[in-house]
$ cat entry08.cif   # mmCIF, C-alpha atoms
data_input
#
loop_
_atom_site.label_atom_id
_atom_site.label_comp_id
_atom_site.auth_asym_id
_atom_site.auth_seq_id
_atom_site.Cartn_x
_atom_site.Cartn_y
_atom_site.Cartn_z
CA MET A 226 180.79 -64.58 -139.75
CA ARG A 227 181.21 -61.30 -141.62
CA ASP A 228 180.41 -58.12 -139.66
CA LEU A 229 178.80 -55.51 -141.91
CA ASN A 230 178.82 -52.64 -139.42
CA GLU A 231 181.06 -49.68 -139.95
CA SER A 232 184.01 -49.57 -137.57
CA SER A 233 183.32 -47.05 -134.80
CA ASN A 234 183.94 -46.58 -131.10
CA GLU A 235 180.31 -45.58 -130.72
CA ARG A 236 177.95 -48.45 -129.97
CA ARG A 237 175.48 -48.97 -132.79
CA GLU A 238 171.80 -49.43 -131.98
CA LEU A 239 171.26 -51.64 -135.04
CA LEU A 240 173.76 -54.38 -135.81
CA VAL A 241 174.03 -56.09 -139.19
CA SER A 242 176.01 -59.29 -139.81
CA GLU A 243 176.15 -62.20 -142.24
CA PRO A 244 176.22 -65.43 -140.19
CA ALA A 245 176.03 -67.57 -143.34
CA LYS A 246 176.19 -66.95 -147.06
CA GLY A 247 173.03 -65.23 -148.20
CA VAL A 248 171.67 -64.78 -144.65
CA LEU A 249 171.60 -61.28 -143.16
CA ARG A 250 171.05 -60.90 -139.43
CA VAL A 251 169.69 -57.55 -138.25
CA THR A 252 169.79 -57.05 -134.48
CA LEU A 253 168.05 -54.36 -132.47
CA ASN A 254 170.82 -53.40 -130.07
CA ARG A 255 169.34 -51.44 -127.18
CA PRO A 256 169.23 -54.21 -124.54
CA GLU A 257 169.23 -51.77 -121.62
CA ARG A 258 165.91 -50.42 -123.00
CA LEU A 259 164.61 -53.88 -123.99
CA ASN A 260 165.29 -52.87 -127.61
CA ALA A 261 162.56 -50.24 -127.52
CA LEU A 262 162.21 -48.44 -130.85
CA THR A 263 163.17 -44.87 -131.64
CA SER A 264 162.86 -42.82 -134.80
CA GLU A 265 166.60 -43.22 -135.35
CA VAL A 266 166.48 -47.02 -135.06
CA LEU A 267 163.58 -47.24 -137.53
CA ALA A 268 165.35 -44.89 -139.95
CA GLU A 269 168.48 -47.06 -139.81
CA LEU A 270 166.38 -50.21 -140.28
CA SER A 271 164.80 -48.61 -143.36
CA THR A 272 168.24 -47.91 -144.81
CA VAL A 273 169.36 -51.52 -144.29
CA LEU A 274 166.19 -52.96 -145.82
CA ASP A 275 166.39 -50.62 -148.82
CA ALA A 276 169.90 -51.96 -149.48
CA VAL A 277 168.68 -55.57 -149.17
CA ALA A 278 165.88 -54.92 -151.65
CA LYS A 279 168.42 -53.83 -154.24
CA ASP A 280 171.06 -56.54 -153.78
CA SER A 281 171.11 -59.99 -155.36
CA VAL A 282 173.06 -61.68 -152.57
CA THR A 283 170.73 -61.79 -149.57
CA ARG A 284 168.38 -64.76 -149.56
CA VAL A 285 166.87 -64.46 -146.06
CA VAL A 286 166.82 -61.77 -143.36
CA ILE A 287 166.74 -62.71 -139.66
CA LEU A 288 165.49 -59.96 -137.37
CA ASN A 289 166.18 -60.30 -133.65
CA GLY A 290 166.89 -58.34 -130.48
CA ALA A 291 169.95 -58.20 -128.24
CA GLY A 292 169.71 -59.27 -124.63
CA THR A 293 166.54 -60.58 -123.02
CA SER A 294 163.89 -58.99 -125.24
CA PHE A 295 162.95 -58.85 -128.91
CA CYS A 296 161.36 -55.40 -128.73
CA ALA A 297 159.33 -53.82 -125.93
CA GLY A 298 157.59 -51.33 -128.20
CA PHE A 299 158.35 -47.64 -128.60
CA ASP A 300 160.79 -45.98 -126.24
CA LEU A 301 158.77 -44.18 -123.54
CA ASP A 302 161.02 -41.12 -123.73
CA GLU A 303 160.17 -40.76 -127.41
CA ILE A 304 156.48 -41.31 -126.71
CA ALA A 305 156.61 -38.50 -124.14
CA GLN A 306 158.00 -36.14 -126.78
CA THR A 307 155.01 -36.78 -129.03
CA GLN A 308 152.78 -35.07 -126.45
CA GLU A 309 154.34 -31.75 -127.48
CA MET A 310 153.72 -32.28 -131.21
CA GLY A 311 150.86 -30.83 -133.19
CA LEU A 312 148.68 -33.29 -135.09
CA PRO A 313 150.28 -32.65 -138.53
CA GLU A 314 153.78 -33.31 -137.15
CA LEU A 315 152.63 -36.35 -135.22
CA LEU A 316 150.94 -37.76 -138.32
CA ARG A 317 154.14 -37.32 -140.36
CA ASN A 318 156.09 -39.20 -137.70
CA GLN A 319 153.46 -41.95 -137.50
CA GLU A 320 153.55 -42.39 -141.27
CA ARG A 321 157.35 -42.53 -141.28
CA TRP A 322 157.43 -45.16 -138.53
CA ALA A 323 154.82 -47.27 -140.31
CA ALA A 324 156.73 -46.99 -143.61
CA ALA A 325 159.77 -48.57 -141.94
CA VAL A 326 157.68 -51.59 -140.90
CA GLN A 327 156.10 -51.80 -144.36
CA ARG A 328 159.58 -52.25 -145.80
CA ILE A 329 159.70 -55.63 -144.04
CA VAL A 330 156.41 -56.66 -145.66
CA ASP A 331 157.50 -55.42 -149.10
CA LEU A 332 161.00 -56.91 -148.98
CA PRO A 333 161.43 -59.36 -151.90
CA VAL A 334 163.16 -61.94 -149.68
CA PRO A 335 161.65 -63.70 -146.63
CA VAL A 336 162.13 -62.22 -143.16
CA ILE A 337 162.32 -64.43 -140.06
CA ALA A 338 161.71 -62.80 -136.67
CA ALA A 339 163.72 -64.62 -133.97
CA ILE A 340 161.95 -63.76 -130.73
CA ASP A 341 163.17 -64.17 -127.17
CA GLY A 342 161.34 -62.28 -124.43
CA ALA A 343 158.91 -59.46 -125.10
CA ALA A 344 157.52 -58.59 -128.52
CA VAL A 345 154.87 -56.15 -127.37
CA GLY A 346 153.27 -52.98 -128.71
CA ALA A 347 155.25 -51.77 -131.71
CA GLY A 348 157.53 -54.78 -131.15
CA MET A 349 154.60 -57.09 -131.88
CA SER A 350 153.84 -55.10 -135.05
CA LEU A 351 157.48 -55.51 -136.09
CA ALA A 352 157.36 -59.28 -135.46
CA LEU A 353 154.07 -59.71 -137.34
CA ALA A 354 155.44 -57.85 -140.38
CA ALA A 355 157.96 -60.68 -140.79
CA ASP A 356 157.02 -63.73 -142.87
CA LEU A 357 157.90 -66.26 -140.16
CA ARG A 358 158.44 -66.23 -136.40
CA VAL A 359 160.72 -68.51 -134.37
CA VAL A 360 160.24 -68.09 -130.61
CA THR A 361 161.64 -69.34 -127.32
CA HIS A 362 159.62 -70.36 -124.28
CA LYS A 363 160.30 -66.90 -122.85
CA ALA A 364 158.61 -65.12 -125.75
CA LYS A 365 155.63 -62.92 -124.99
CA PHE A 366 153.35 -61.02 -127.39
CA GLY A 367 150.93 -58.23 -126.62
CA ALA A 368 149.07 -55.53 -128.55
CA ALA A 369 148.81 -53.34 -125.48
CA PHE A 370 147.96 -50.07 -127.24
CA VAL A 371 144.32 -50.13 -126.11
CA ARG A 372 145.43 -50.44 -122.47
CA ILE A 373 147.14 -47.05 -122.56
CA GLY A 374 144.30 -45.15 -124.17
CA LEU A 375 145.33 -45.63 -127.80
CA SER A 376 143.77 -47.50 -130.69
CA GLY A 377 144.48 -51.21 -130.44
CA ALA A 378 146.24 -51.24 -133.83
CA ASP A 379 149.52 -49.63 -134.83
CA LEU A 380 152.25 -50.00 -137.48
CA GLY A 381 150.16 -52.30 -139.66
CA LEU A 382 149.00 -54.72 -136.96
CA SER A 383 145.35 -54.50 -138.10
CA TRP A 384 146.55 -55.85 -141.47
CA SER A 385 149.10 -58.43 -140.37
CA LEU A 386 147.57 -60.02 -137.26
CA PRO A 387 144.24 -61.17 -138.81
CA ARG A 388 146.18 -62.69 -141.70
CA VAL A 389 148.30 -64.75 -139.32
CA VAL A 390 145.79 -65.86 -136.65
CA GLY A 391 142.37 -65.11 -138.19
CA MET A 392 139.87 -62.34 -137.56
CA GLY A 393 138.32 -63.72 -134.38
CA VAL A 394 141.57 -64.29 -132.51
CA ALA A 395 142.99 -60.99 -133.75
CA ALA A 396 139.91 -59.16 -132.50
CA GLU A 397 140.30 -60.66 -129.03
CA LEU A 398 143.99 -59.83 -128.77
CA MET A 399 143.61 -56.28 -130.06
CA LEU A 400 140.46 -55.40 -128.09
CA THR A 401 141.71 -56.78 -124.77
CA GLY A 402 145.41 -55.96 -125.15
CA ARG A 403 146.22 -59.12 -123.18
CA ASN A 404 149.57 -60.87 -123.38
CA VAL A 405 150.11 -64.15 -125.21
CA ASP A 406 152.80 -66.52 -123.97
CA ALA A 407 154.97 -68.68 -126.21
CA ALA A 408 152.87 -71.83 -125.88
CA GLU A 409 149.67 -70.05 -126.87
CA ALA A 410 151.47 -68.17 -129.66
CA TYR A 411 152.57 -71.49 -131.14
CA ARG A 412 149.12 -73.03 -130.70
CA ILE A 413 147.28 -70.22 -132.51
CA GLY A 414 149.83 -69.96 -135.31
CA LEU A 415 151.36 -66.68 -134.18
CA ALA A 416 154.69 -68.54 -133.94
CA ASN A 417 155.92 -70.97 -136.59
CA ARG A 418 158.46 -72.73 -134.42
CA LEU A 419 158.92 -72.98 -130.65
CA CYS A 420 162.40 -73.85 -129.41
CA PRO A 421 164.43 -73.98 -126.17
CA ASP A 422 165.88 -70.64 -125.11
CA HIS A 423 169.46 -71.50 -126.01
CA ASP A 424 168.48 -72.79 -129.47
CA LEU A 425 166.89 -69.60 -130.85
CA GLN A 426 169.67 -68.56 -133.20
CA SER A 427 170.33 -72.08 -134.47
CA ALA A 428 166.59 -72.67 -135.01
CA ALA A 429 166.31 -69.42 -137.00
CA MET A 430 169.40 -70.36 -139.00
CA ASP A 431 168.00 -73.84 -139.70
CA LEU A 432 164.81 -72.30 -141.06
CA ALA A 433 166.82 -69.82 -143.13
CA ALA A 434 168.87 -72.72 -144.54
CA GLU A 435 165.71 -74.60 -145.54
CA ILE A 436 164.52 -71.55 -147.45
CA SER A 437 167.93 -70.82 -148.98
CA ALA A 438 168.13 -74.38 -150.30
CA ASN A 439 165.45 -73.44 -152.83
CA SER A 440 165.68 -71.35 -155.97
CA PRO A 441 166.14 -67.65 -155.06
CA PHE A 442 163.84 -66.58 -157.89
CA GLY A 443 161.25 -69.16 -156.91
CA VAL A 444 161.31 -68.01 -153.27
CA ARG A 445 160.83 -64.38 -154.31
CA LEU A 446 157.89 -65.29 -156.54
CA THR A 447 156.40 -67.39 -153.74
CA LYS A 448 156.47 -64.51 -151.25
CA GLN A 449 154.93 -62.29 -153.91
CA ALA A 450 152.17 -64.80 -154.61
CA LEU A 451 151.42 -65.30 -150.90
CA HIS A 452 150.89 -61.59 -150.36
CA ALA A 453 148.82 -61.22 -153.51
CA GLY A 454 146.79 -64.37 -152.83
CA VAL A 455 145.73 -63.48 -149.30
CA ASP A 456 144.18 -60.26 -150.61
CA ALA A 457 142.91 -61.67 -153.90
CA SER A 458 139.30 -60.85 -154.73
CA SER A 459 138.68 -64.34 -156.12
CA PHE A 460 140.19 -67.76 -156.72
CA ARG A 461 140.66 -66.81 -160.37
CA VAL A 462 142.68 -63.69 -159.51
CA ALA A 463 145.00 -65.75 -157.30
CA VAL A 464 145.39 -68.44 -159.96
CA ASP A 465 146.21 -65.85 -162.62
CA MET A 466 149.12 -64.65 -160.46
CA GLU A 467 150.26 -68.23 -159.85
CA ASN A 468 150.11 -69.04 -163.57
CA ARG A 469 152.18 -65.99 -164.43
CA ASN A 470 154.81 -66.85 -161.78
CA GLN A 471 155.02 -70.49 -162.83
CA LEU A 472 155.63 -69.51 -166.45
CA LEU A 473 158.36 -67.07 -165.42
CA ALA A 474 160.06 -69.58 -163.12
CA SER A 475 159.88 -72.42 -165.63
CA ARG A 476 162.00 -70.45 -168.10
CA THR A 477 164.85 -69.72 -165.70
CA GLU A 478 168.13 -71.65 -165.66
CA ASP A 479 167.37 -72.73 -162.11
CA MET A 480 164.57 -75.13 -162.99
CA ALA A 481 166.75 -76.89 -165.56
CA GLU A 482 169.59 -76.94 -163.04
CA VAL A 483 167.39 -78.59 -160.40
CA MET A 484 166.44 -81.34 -162.85
CA ARG A 485 170.11 -81.94 -163.70
CA ALA A 486 171.11 -81.92 -160.04
CA ARG A 487 168.48 -84.52 -159.17
CA TRP A 488 169.63 -86.72 -162.00
CA GLU A 489 173.25 -86.34 -160.91
CA ARG A 490 172.37 -86.68 -157.20
CA ARG A 491 173.98 -83.42 -156.09
CA PRO A 492 172.81 -80.09 -154.63
CA PRO A 493 171.68 -77.59 -157.27
CA ARG A 494 173.81 -74.54 -158.08
CA TYR A 495 171.38 -71.67 -158.54
CA ARG A 496 172.11 -68.69 -160.78
CA ASN A 497 168.89 -66.69 -160.79
CA ALA A 498 168.57 -64.28 -157.86
#
$ encode --input "entry08.cif" --output "structure tokens"
Amino acid sequence: MRDLNESSNERRELLVSEPAKGVLRVTLNRPERLNALTSEVLAELSTVLDAVAKDSVTRVVILNGAGTSFCAGFDLDEIAQTQEMGLPELLRNQERWAAAVQRIVDLPVPVIAAIDGAAVGAGMSLALAADLRVVTHKAKFGAAFVRIGLSGADLGLSWSLPRVVGMGVAAELMLTGRNVDAAEAYRIGLANRLCPDHDLQSAAMDLAAEISANSPFGVRLTKQALHAGVDASSFRVAVDMENRNQLLASRTEDMAEVMRARWERRPPRYRNA
């Protein structure tokens, strides 16, 4: 496995590695704080995702947390500091934090959230921004904002959660702020795969391998079409996007290569990123 972190004696709060060709693992590394978010962590995450968006090597990103939690929301020390901010400054910070999460949504390649333990508050928003979620039996979700006097939606959750579980379920979870365990998360579609605790990384890697086995260009167009289709104003608008993408994909070398590979009974060798 290739370690992509700069050599330093200082412990990094965001770790980046390449456990397999084309797969980038990004790990929130504040286990003593249950990987609670800070402005610095989100800024570093933004930098990593900006680099991924520009490269032609990464096929899938896996986002996970070190230790026993995925992400327990925003660091309480940082939240306390916001009490001293004026509204304009607080709004600028809020917009910057949300922009970091939007980078996950906008990333051309799929993002898999590998979740063990808590994914609550801003951690739930981070998990829901990903395209897919693999969870262990210890996973726990909760949009607890409304329980501490805030709006029940933050960092894009009002956009992402209804699209994953539907409006009715999203309304219940956001208005009550109650926790959802792993079994319920899997049942309502909040989690794509539920696995034993010790199998989280291998399960996420298996899913990444299934995606990476397909044409890189086709996968990028598929993510694009999914996001456009869920917000499409009509069937016709969605089909127009699909038609455009199919025409583009059909003229790449990859489609011809897949046909040859099937004829020759071998794995395809993709060229189009």
$ residues_around --input "entry08.cif" --residues "region 334-338 of chain A" --least-positions-apart "4" --cutoff "9 Å" --atoms "only C-alpha atoms" --output "JSON, numbers by chain"
{"A": [277, 278, 283, 284, 285, 286, 287, 288, 289, 295, 329, 330, 351, 352, 353, 354, 355, 356, 357, 358, 359, 360, 429, 432, 433, 436, 441, 444, 445, 448]}
$ write_last_selection --input "entry08.cif" --atoms "C-alpha atoms" --output "PDB file, in the frame of the given file"
ATOM      1  CA  VAL A 277     168.680 -55.570-149.170  1.00  0.00           C
ATOM      2  CA  ALA A 278     165.880 -54.920-151.650  1.00  0.00           C
ATOM      3  CA  THR A 283     170.730 -61.790-149.570  1.00  0.00           C
ATOM      4  CA  ARG A 284     168.380 -64.760-149.560  1.00  0.00           C
ATOM      5  CA  VAL A 285     166.870 -64.460-146.060  1.00  0.00           C
ATOM      6  CA  VAL A 286     166.820 -61.770-143.360  1.00  0.00           C
ATOM      7  CA  ILE A 287     166.740 -62.710-139.660  1.00  0.00           C
ATOM      8  CA  LEU A 288     165.490 -59.960-137.370  1.00  0.00           C
ATOM      9  CA  ASN A 289     166.180 -60.300-133.650  1.00  0.00           C
ATOM     10  CA  PHE A 295     162.950 -58.850-128.910  1.00  0.00           C
ATOM     11  CA  ILE A 329     159.700 -55.630-144.040  1.00  0.00           C
ATOM     12  CA  VAL A 330     156.410 -56.660-145.660  1.00  0.00           C
ATOM     13  CA  LEU A 351     157.480 -55.510-136.090  1.00  0.00           C
ATOM     14  CA  ALA A 352     157.360 -59.280-135.460  1.00  0.00           C
ATOM     15  CA  LEU A 353     154.070 -59.710-137.340  1.00  0.00           C
ATOM     16  CA  ALA A 354     155.440 -57.850-140.380  1.00  0.00           C
ATOM     17  CA  ALA A 355     157.960 -60.680-140.790  1.00  0.00           C
ATOM     18  CA  ASP A 356     157.020 -63.730-142.870  1.00  0.00           C
ATOM     19  CA  LEU A 357     157.900 -66.260-140.160  1.00  0.00           C
ATOM     20  CA  ARG A 358     158.440 -66.230-136.400  1.00  0.00           C
ATOM     21  CA  VAL A 359     160.720 -68.510-134.370  1.00  0.00           C
ATOM     22  CA  VAL A 360     160.240 -68.090-130.610  1.00  0.00           C
ATOM     23  CA  ALA A 429     166.310 -69.420-137.000  1.00  0.00           C
ATOM     24  CA  LEU A 432     164.810 -72.300-141.060  1.00  0.00           C
ATOM     25  CA  ALA A 433     166.820 -69.820-143.130  1.00  0.00           C
ATOM     26  CA  ILE A 436     164.520 -71.550-147.450  1.00  0.00           C
ATOM     27  CA  PRO A 441     166.140 -67.650-155.060  1.00  0.00           C
ATOM     28  CA  VAL A 444     161.310 -68.010-153.270  1.00  0.00           C
ATOM     29  CA  ARG A 445     160.830 -64.380-154.310  1.00  0.00           C
ATOM     30  CA  LYS A 448     156.470 -64.510-151.250  1.00  0.00           C
TER      31      LYS A 448
END
$ resolve_selection --input "entry08.cif" --expression "the PyMOL selection byres ((chain A and resi 344) around 6)" --output "PyMOL selection string"
chain A and resi 295-297+343+345+348-349+365-366
$ resolve_selection --input "entry08.cif" --expression "the PyMOL selection byres ((chain A and resi 363) around 7)" --output "mmCIF file with C-alpha atoms, in the frame of the given file"
data_model
loop_
_atom_site.group_PDB
_atom_site.id
_atom_site.type_symbol
_atom_site.label_atom_id
_atom_site.label_comp_id
_atom_site.auth_asym_id
_atom_site.auth_seq_id
_atom_site.Cartn_x
_atom_site.Cartn_y
_atom_site.Cartn_z
ATOM 1 C CA ASP A 341 163.170 -64.170 -127.170
ATOM 2 C CA GLY A 342 161.340 -62.280 -124.430
ATOM 3 C CA THR A 361 161.640 -69.340 -127.320
ATOM 4 C CA HIS A 362 159.620 -70.360 -124.280
ATOM 5 C CA ALA A 364 158.610 -65.120 -125.750
ATOM 6 C CA LYS A 365 155.630 -62.920 -124.990
ATOM 7 C CA ALA A 407 154.970 -68.680 -126.210
#
$ closest_residue --input "entry08.cif" --among "A:Arg328, A:Arg491, A:Arg317, A:Arg485" --to "Gly381 (chain A)" --atoms "only C-alpha atoms"
A:Arg328
$ atom_distance --input "entry08.cif" --atom1 "CA of Pro492 (chain A)" --atom2 "CA of Leu446 (chain A)"
21.1 Å
$ atom_distance --input "entry08.cif" --atom1 "CA of Glu303 (chain A)" --atom2 "CA of Arg255 (chain A)"
14.1 Å
